[in-house]
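A.B. asks: My questions will all concern the structure given below.
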Amino acid sequence: MPPKNREPSPERKTPSPVRGRENMKIEAYTPPSNRTKRQIATGADSSKSGAQAGPSTATSGRTSTHTNCFRTGHSRAIMGQGGTTKEWADEHEREAKLVISVGCIRRDVDEILGLLRPRNQAITAHASHIAADIAGQLDSLSLSSSEKGVEDILSWITLPSPHEVETTMTTTNNAKKEKSKATEFATERGIYPCIIAFIYFVAKKVQDSLPTANRLNRNSSTPPSLIPPRLVCACKDAYAKPEGSDGGTRINIGLVEVSPDGTLANVAKSPSYYELFAVIEAKCSVSGEDRAFEQLLVYTRQLYASQHDRRFVWGVVVCGSSVRVCLLGPNEPVFASTVMDVATGPGREAFVEFLVNCSSCDTDQLGLDPTVTYLEDIECWKIECPTEDGEEVPSYVYSDEVIVVADRLFGRHTRCFLGSLDMLPEGSELRHDVVVKDSWSYAADKRCDEVKSLRKIRDILRVKEDVDFEYPRLLHGGCPLFIADDTDYLYRDLPITTTTGNDGGNDDGSSGPAPMWPSHEHQRIVMEPVGKPLRFLESVPELIIVLRDAMRCHGAILSVCSILHRDISTNNILVVRPESGHIRGMLIDFDCAVDMEDSKG
């Protein structure tokens, strides 16, 4: 049963423009127009996985700088030199190629489609009925139909299937010419309007299936479970550079959410990374599938960096008439469904069902974090914090500044927010007296539990009278929990328990099915005090003091608490300047720490 007195999550809205931060200096690349509070990027080095950090100053003599996520020697060099937009784009492409070359794409994993299936059985049955009905209408579609975009839709769904194309690939020149004629239509630019028209057709039919009167009135005779919370539409502009793009890369097609009672004609014309929930990458034939995956990986990085409530990302790869749905999460590999061939009835119905389920499922199933919401009235993030000791009423941190963004393809996806545990009256400035660290830790190594380490450090040091150094003091920490829509159950993030169905050996040498999401689990930590990076030091004596304090902290925590840090670096030492008192140094980031009292340590 859910805990009592839990506040409902407000609807996701596009916030108003940033107020009072127009001149904030940040080191990360900032899109030049229409910045909003919801879009605040980090000012700290996102390679740093520490929980506490401070806003950074702009670099001099550099433009279009951007903190990267793939920490190879080459990317470190680019980062250290500032890096141009083209250099960063080339580095992102290089990483995506590497992901493909080492086999991090796991195809034919249809279990991922089940993650979008509505949890409520009534909703699932209704969505399946609607999908089957829409697929039937597509089967009977003809050029004489008055449906919008019918010619584009028919051009796509009447393409030869990949199997049919393969059978024409003989060594004769005539056969090659026939194959070329069969797929001549499906150039990349030519297929975009076909996909957009198909998605519009499905969205319109879903909307038409709703009652015409009191469509969204939950008190009407229509069961609430049968009213989808959204429609899935494609932005009108294809092959466009989205708002918030840091490298000038154009995406093929962006998918966005539209209110069920809205007008589909008013769908956003241009895509925005701040509002997209999925990207479609299209190629003219199945031979371009690997390249499509590469580009999808590049877009995914930007979605993570732009959406601070993004847990995982959905994507779609289209190659001619072949469609694969992809799930990209904090850890490799990337999972892709079996091919849905829209040139066949079953393939069309499978893709339609995917779109209908996207309209009908809960928000968290689309990859968003229901425990992180934007409050437009006070222009800040409301972050639900895990509680301890069985408390039923959760605590919240209110934040208007994100200092570390999750701009990596894989890994911990660490985000850090500055904020306050107290919500101030509207119009007041939020204090920045706590740090929220949100990350996906490696669950496989049970020795490394940052929450457990910080809790032990806190419990031991807070009762000692001779502690004269700063250390990260844990206020709240654990795995975020949320209540799924229209259910009475708490879910532990991430609620994925299916397997890949791998009948061969797993990566760890074991046999049997491999877990789909085996290596990371969600953790959120609230700590104090707030520190700043070493670049905020003002003199060599201050540097000496800060380094001395950090080493004293390390030694005391090891000798008194038996916690070994194991990851000391300049990124994990911060400067703390109390309002009254001398400058202090603080050691942070206990992701890799182990308890030496543990027999396994």
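Identifiers in the structure tokens: chain A, B, ... in order shown; residue index from 1 per chain; ligand index from 1 in order shown.
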If we count only C-alpha atoms and set the cut-off at 12 Å, which residues sit around Cys553 in chain A, ignoring sequence neighbours fewer than 2 positions away in its own chain? Please answer as a ChimeraX atom specification.
C.D. replies: /A:457,461,467-472,546-551,555-561,563-565,568,573-574,584-588
A.B. asks: Write down as an mmCIF file with C-alpha atoms, in the first residue's frame the residues of range 427-470 of chain A whose backbone DSSP state falls under strand (DSSP E).
C.D. replies:
data_model
loop_
_atom_site.group_PDB
_atom_site.id
_atom_site.type_symbol
_atom_site.label_atom_id
_atom_site.label_comp_id
_atom_site.auth_asym_id
_atom_site.auth_seq_id
_atom_site.Cartn_x
_atom_site.Cartn_y
_atom_site.Cartn_z
ATOM 1 C CA VAL A 434 22.146 21.154 0.511
ATOM 2 C CA VAL A 435 23.243 19.063 -2.454
ATOM 3 C CA VAL A 436 21.183 16.299 -4.061
ATOM 4 C CA LYS A 437 23.218 13.630 -5.823
ATOM 5 C CA ASP A 438 21.157 11.420 -8.111
ATOM 6 C CA SER A 439 22.982 8.513 -9.732
ATOM 7 C CA TRP A 440 22.877 4.894 -10.832
ATOM 8 C CA SER A 441 25.439 2.956 -8.836
ATOM 9 C CA TYR A 442 26.961 -0.360 -9.806
#
A.B. asks: What lies within 9 Å of Val286 in chain A using only C-alpha atoms, ignoring chain neighbours under 5 positions off, as a list of chain:residue names?
C.D. replies: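 Listed by chain and then number, they are A:Pro162, A:Val318, A:Cys319, A:Gly320, A:Ser321, A:Ser322.
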A.B. asks: Hey, which of A:Leu355, A:Cys380, A:Val316, A:His522 ends up closest to Leu328 in chain A? Count only C-alpha atoms.
C.D. replies: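 Checking each candidate against Leu328 in chain A, we get A:Val316 as the closest.
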A.B. asks: Give me, please, the distance in Å between CA of Phe335 in chain A and CA of Glu111 in chain A, quoted to one decimal.
C.D. replies: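 Between CA of Phe335 in chain A and CA of Glu111 in chain A the gap works out to 9.3 Å.
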A.B. asks: Tell me which of A:Ile251, A:Leu534, A:Cys235, A:Val109 sits closest to Ser270 in chain A, counting only C-alpha atoms.
C.D. replies: A:Cys235
A.B. asks: Find, counting only C-alpha atoms, the residue in A:Val540, A:Val325, A:Ile253, A:Cys416 that gets nearest to Arg107 in chain A.
C.D. replies: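 For Arg107 in chain A, the nearest of the candidates is A:Val325.
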A.B. asks: Give me, as a ChimeraX atom specification, all polymer residues having an atom no more than 8 Å from range 115-131 of chain A, counting only C-alpha atoms and skipping those fewer than 3 positions away in the same chain.
C.D. replies: /A:111-112,134-135,206,209,225-226,349,352-354,356-358,360-362,365-366,486-487,496
A.B. asks: Here is a test: counting only C-alpha atoms, which residue of A:Asp364, A:Asp139, A:Glu275, A:Asp598 is nearest to Phe312 in chain A?
C.D. replies: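 Looking only at the distances to Phe312 in chain A, the closest residue turns out to be A:Asp364.
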A.B. asks: As a list in words, please: every residue in range 330-375 of chain A that a backbone DSSP assignment puts in helix (DSSP H, G or I).
C.D. replies: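 So, restricting range 330-375 of chain A to helix (DSSP H, G or I), we get Gly345, Pro346, Gly347, Arg348, Glu349, Ala350, Phe351, Val352, Glu353, Phe354, Leu355, Val356, Asn357, Cys358, Ser359, Ser360, Thr363, Asp364, Gln365 and Leu366 of chain A.
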A.B. asks: Between CA of Met527 in chain A and CA of Glu450 in chain A, what distance in Å does the model show, to one decimal?
C.D. replies: 11.9 Å
A.B. asks: For CA of Gly478 in chain A and CA of Gly531 in chain A, determine how far apart the two atoms are, in Å to one decimal place.
C.D. replies: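 Spanning CA of Gly478 in chain A to CA of Gly531 in chain A is a straight-line distance of 21.9 Å.
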A.B. asks: Show me, as number ranges by chain, the residues that have an atom within 8 Å of Asp110 in chain A when counting only C-alpha atoms, minus same-chain residues fewer than 3 positions from it.
C.D. replies: A: 113-114, 336-338
A.B. asks: Excluding Leu276 in chain A and any residue of its chain fewer than 4 positions from it, enumerate the residues within 8 Å of it, using only C-alpha atoms, and give them as a short mmCIF file (atom, residue, chain, number, x, y, z; two decimals) with C-alpha atoms, in the first residue's frame.
C.D. replies:
data_model
loop_
_atom_site.label_atom_id
_atom_site.label_comp_id
_atom_site.auth_asym_id
_atom_site.auth_seq_id
_atom_site.Cartn_x
_atom_site.Cartn_y
_atom_site.Cartn_z
CA GLY A 254 11.35 13.83 -32.80
CA LEU A 255 8.45 12.36 -30.80
CA VAL A 256 6.57 14.54 -28.32
CA GLU A 257 3.57 14.27 -26.01
CA PRO A 271 11.87 19.70 -32.04
CA SER A 272 13.37 20.62 -28.68
CA LEU A 303 18.37 13.96 -24.21
#
A.B. asks: I'd like the contact shell of range 262-268 of chain A - 9 Å cut-off, only C-alpha atoms, skipping same-chain residues fewer than 5 positions apart - returned as a list in words.
C.D. replies: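 Answer for this query is Tyr200, Ala203, Lys204, Leu231, Cys233, Ala234, Cys235, Lys236, Asp237, Val256 and Glu257 of chain A.
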A.B. asks: Can you write out the residues you just picked, keeping all heavy atoms, as a short mmCIF file (atom, residue, chain, number, x, y, z; two decimals), in the first residue's frame?
C.D. replies:
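To be explicit, this is the file written out as selection-v4.cif:
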data_model
loop_
_atom_site.label_atom_id
_atom_site.label_comp_id
_atom_site.auth_asym_id
_atom_site.auth_seq_id
_atom_site.Cartn_x
_atom_site.Cartn_y
_atom_site.Cartn_z
N TYR A 200 0.95 10.36 -37.15
CA TYR A 200 -0.21 11.25 -37.03
C TYR A 200 -1.51 10.45 -37.17
O TYR A 200 -2.48 10.66 -36.43
CB TYR A 200 -0.16 12.34 -38.10
CG TYR A 200 -1.36 13.24 -38.12
CD1 TYR A 200 -1.42 14.38 -37.32
CD2 TYR A 200 -2.48 12.94 -38.91
CE1 TYR A 200 -2.54 15.20 -37.32
CE2 TYR A 200 -3.60 13.75 -38.92
CZ TYR A 200 -3.62 14.88 -38.12
OH TYR A 200 -4.73 15.68 -38.12
N ALA A 203 -2.17 8.65 -33.91
CA ALA A 203 -2.58 9.58 -32.87
C ALA A 203 -4.01 10.06 -33.08
O ALA A 203 -4.80 10.17 -32.12
CB ALA A 203 -1.63 10.77 -32.83
N LYS A 204 -4.37 10.33 -34.33
CA LYS A 204 -5.73 10.80 -34.64
C LYS A 204 -6.76 9.72 -34.33
O LYS A 204 -7.84 10.01 -33.78
CB LYS A 204 -5.81 11.20 -36.11
CG LYS A 204 -7.14 11.85 -36.49
CD LYS A 204 -7.29 13.21 -35.84
CE LYS A 204 -8.47 14.00 -36.39
NZ LYS A 204 -9.76 13.33 -36.14
N LEU A 231 -1.16 11.83 -26.16
CA LEU A 231 -1.05 11.30 -27.51
C LEU A 231 0.40 11.44 -27.95
O LEU A 231 1.10 12.37 -27.52
CB LEU A 231 -1.96 12.07 -28.48
CG LEU A 231 -3.46 12.03 -28.19
CD1 LEU A 231 -4.20 12.93 -29.17
CD2 LEU A 231 -4.00 10.61 -28.27
N CYS A 233 2.93 12.18 -30.89
CA CYS A 233 2.99 12.81 -32.21
C CYS A 233 4.45 13.09 -32.59
O CYS A 233 5.33 13.15 -31.74
CB CYS A 233 2.19 14.11 -32.24
SG CYS A 233 0.42 13.87 -32.11
N ALA A 234 4.64 13.28 -33.87
CA ALA A 234 5.97 13.64 -34.38
C ALA A 234 6.00 15.14 -34.68
O ALA A 234 5.01 15.71 -35.17
CB ALA A 234 6.28 12.85 -35.64
N CYS A 235 7.12 15.78 -34.36
CA CYS A 235 7.28 17.19 -34.72
C CYS A 235 7.17 17.34 -36.23
O CYS A 235 7.57 16.45 -36.99
CB CYS A 235 8.63 17.71 -34.24
SG CYS A 235 8.82 17.73 -32.45
N LYS A 236 6.62 18.46 -36.66
CA LYS A 236 6.34 18.65 -38.08
C LYS A 236 7.61 18.74 -38.91
O LYS A 236 7.68 18.26 -40.04
CB LYS A 236 5.49 19.90 -38.27
CG LYS A 236 4.12 19.81 -37.64
CD LYS A 236 3.35 21.10 -37.83
CE LYS A 236 1.97 21.01 -37.17
NZ LYS A 236 1.20 22.27 -37.31
N ASP A 237 8.64 19.37 -38.35
CA ASP A 237 9.89 19.53 -39.10
C ASP A 237 10.75 18.28 -38.94
O ASP A 237 11.09 17.88 -37.82
CB ASP A 237 10.67 20.75 -38.60
CG ASP A 237 10.07 22.05 -39.09
OD1 ASP A 237 9.15 21.99 -39.93
OD2 ASP A 237 10.51 23.12 -38.62
N VAL A 256 6.97 13.72 -29.45
CA VAL A 256 6.57 14.54 -28.32
C VAL A 256 5.21 14.10 -27.81
O VAL A 256 4.48 13.35 -28.49
CB VAL A 256 6.51 16.04 -28.69
CG1 VAL A 256 7.89 16.57 -29.02
CG2 VAL A 256 5.56 16.26 -29.86
N GLU A 257 4.88 14.56 -26.61
CA GLU A 257 3.57 14.27 -26.01
C GLU A 257 2.61 15.42 -26.30
O GLU A 257 2.99 16.58 -26.27
CB GLU A 257 3.71 14.10 -24.50
CG GLU A 257 4.67 13.02 -24.07
CD GLU A 257 4.84 13.01 -22.56
OE1 GLU A 257 3.85 13.31 -21.86
OE2 GLU A 257 5.94 12.70 -22.10
#
